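First the structure, in the form of structure tokens, and then the observations on it.
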Amino acid sequence: MLFFAYSRLTKAVDQNLGERGMGRAHHRALYFIGRHPDISVSELLSILGVTKQSLGRVLTELEERSLVETRVGDRDRRQRLLRLTDSGYDLDGELFNHARDIIARAYSAAGQQAVTGFWAVLEGLIPPAERDRVHGWRENSVPPGQRR
């Protein structure tokens with residue numbers, strides 16, 4: 001069921017990205033950069049669990065499309081900090097809204113008790129050693145559509 005649900009959820013987003021010549025890697029980068037403006041490249045690598053080379057290709061393309069901007073760190077000039085541009089926020093919001101609408105309909109049909117159980121299952125899928133990091137990340141996230 002998880003596979004089929006994920007496939008349905010990503011289908012609308014994938015179609016939108018495909019029309020722009022982008023894929024899920026671009027979406028993941030936009031999503032996490034949008035929730036954490038000025039996230040460092042090393043933090044993003046850690047969250048996504050991808051190689052520096054593959055992330056580098058995605059970030060280069062997002063910068064060329066004027067969706068992401070990079071600046072050097074305040075304390076460490078070697079650090080690269082990432083932030084969405086206005087166009088990046090617009091695209092991120094559009095993609096988020098596709099997924100939100102699908103999830104909202106499912107939540108509405110299932111009811112609050114089922115939603116609470118679903119969140120408990122999702123948390124159970126995260127290894128215990130990583131849960132604090134995930135909770136901390138969520139608590140410090142910028143809500144979709146808001147800019148910091």
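In the structure tokens, the first chain shown is A, the next is B, and so on; residue numbers restart at 1 for each chain, and ligands run from 1 in the order shown.
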
>> If DSSP is run on the backbone, what residues of region 7-142 of chain A are strand (DSSP E)? A reply as a list in words would be ideal.
In response: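 Strand (DSSP E) members of region 7-142 of chain A, listed: Ile39, Ser40, Val68, Glu69, Thr70, Arg71, Val72, Arg80, Leu81, Leu82, Arg83 and Leu84 of chain A.
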
> Hey, what's within 9 Å of Asn140 (chain A) if we count only C-alpha atoms and toss same-chain stuff fewer than 4 positions away? As an MDAnalysis selection string, please?
Replying inline: chainID A and resid 35:36 135:136

Write the residues of the preceding selection, restricted to N, CA and C atoms, as a PDB file, in the first residue's frame.
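Written out: out17.pdb:
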```
ATOM      1  N   ARG A  35      12.346  24.826   3.283  1.00  0.00           N
ATOM      2  CA  ARG A  35      11.979  24.713   4.687  1.00  0.00           C
ATOM      3  C   ARG A  35      13.088  25.214   5.604  1.00  0.00           C
ATOM      4  N   HIS A  36      14.314  25.274   5.089  1.00  0.00           N
ATOM      5  CA  HIS A  36      15.464  25.722   5.887  1.00  0.00           C
ATOM      6  C   HIS A  36      16.333  26.679   5.081  1.00  0.00           C
ATOM      7  N   HIS A 135      12.785  15.136  14.316  1.00  0.00           N
ATOM      8  CA  HIS A 135      11.882  16.008  15.078  1.00  0.00           C
ATOM      9  C   HIS A 135      12.457  17.420  15.178  1.00  0.00           C
ATOM     10  N   GLY A 136      13.744  17.542  15.423  1.00  0.00           N
ATOM     11  CA  GLY A 136      14.384  18.858  15.493  1.00  0.00           C
ATOM     12  C   GLY A 136      14.290  19.583  14.173  1.00  0.00           C
TER      13      GLY A 136
END
```

>> Which of region 31-124 of chain A end up as alpha helix (DSSP H) when DSSP is run on this backbone - answer as a count of residues only?
In response: 64

>> Excluding region 80-85 of chain A and its own-chain neighbours fewer than 6 positions away, which residues fall within 12 Å of it when counting only C-alpha atoms? Please give them as a PyMOL selection string.
In response: chain A and resi 29-45+56+59-60+62-74+91-93+142+145-148

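In this model, the gap between CA of Phe3 (chain A) and CA of Gly23 (chain A) comes to 18.3 Å.
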
> Can you tell me, as a PyMOL selection string, what residues are no more than 9 Å from Thr10 (chain A) when counting only C-alpha atoms, ignoring any on the same chain fewer than 4 positions away?
Replying inline: chain A and resi 5-6+14-15+24+99

Let me see the file: selected residues, N, CA and C atoms, as an mmCIF file, in the first residue's frame.
```cif
data_model
loop_
_atom_site.group_PDB
_atom_site.id
_atom_site.type_symbol
_atom_site.label_atom_id
_atom_site.label_comp_id
_atom_site.auth_asym_id
_atom_site.auth_seq_id
_atom_site.Cartn_x
_atom_site.Cartn_y
_atom_site.Cartn_z
ATOM 1 N N ALA A 5 0.554 4.261 -2.677
ATOM 2 C CA ALA A 5 0.257 5.614 -2.198
ATOM 3 C C ALA A 5 1.357 6.586 -2.615
ATOM 4 N N TYR A 6 2.606 6.173 -2.449
ATOM 5 C CA TYR A 6 3.728 7.024 -2.833
ATOM 6 C C TYR A 6 3.705 7.296 -4.335
ATOM 7 N N ASP A 14 5.575 14.759 -10.214
ATOM 8 C CA ASP A 14 6.478 14.344 -11.294
ATOM 9 C C ASP A 14 6.058 14.945 -12.634
ATOM 10 N N GLN A 15 4.764 14.968 -12.892
ATOM 11 C CA GLN A 15 4.272 15.512 -14.157
ATOM 12 C C GLN A 15 4.619 17.001 -14.259
ATOM 13 N N ARG A 24 12.673 14.276 -9.476
ATOM 14 C CA ARG A 24 12.492 14.214 -8.024
ATOM 15 C C ARG A 24 13.679 14.761 -7.241
ATOM 16 N N ALA A 99 0.726 17.999 -3.730
ATOM 17 C CA ALA A 99 0.797 16.904 -2.754
ATOM 18 C C ALA A 99 -0.151 17.154 -1.579
#
```

> Between CA of His27 (chain A) and CA of Ala12 (chain A), what is the spacing in Å?
Replying inline: 12.2 Å

> Skipping near chain neighbours, those fewer than 6 positions away, what residues fall within 10 Å of Val134 (chain A) using only C-alpha atoms, listed as number ranges by chain?
Replying inline: A: 47, 123, 126

For the residues selected in the previous step, produce a file with C-alpha atoms as a PDB file, in the first residue's frame.
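Contents of result19.pdb, freshly written:
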```pdb
ATOM      1  CA  ILE A  47      19.456  14.947   4.980  1.00  0.00           C
ATOM      2  CA  GLU A 123       7.558   7.680  13.020  1.00  0.00           C
ATOM      3  CA  ILE A 126      12.343   6.159  11.187  1.00  0.00           C
TER       4      ILE A 126
END
```

> In Å, how far is it from CA of Asp86 (chain A) to CA of Met22 (chain A)?
Replying inline: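 Between CA of Asp86 (chain A) and CA of Met22 (chain A) the gap is 18.0 Å.
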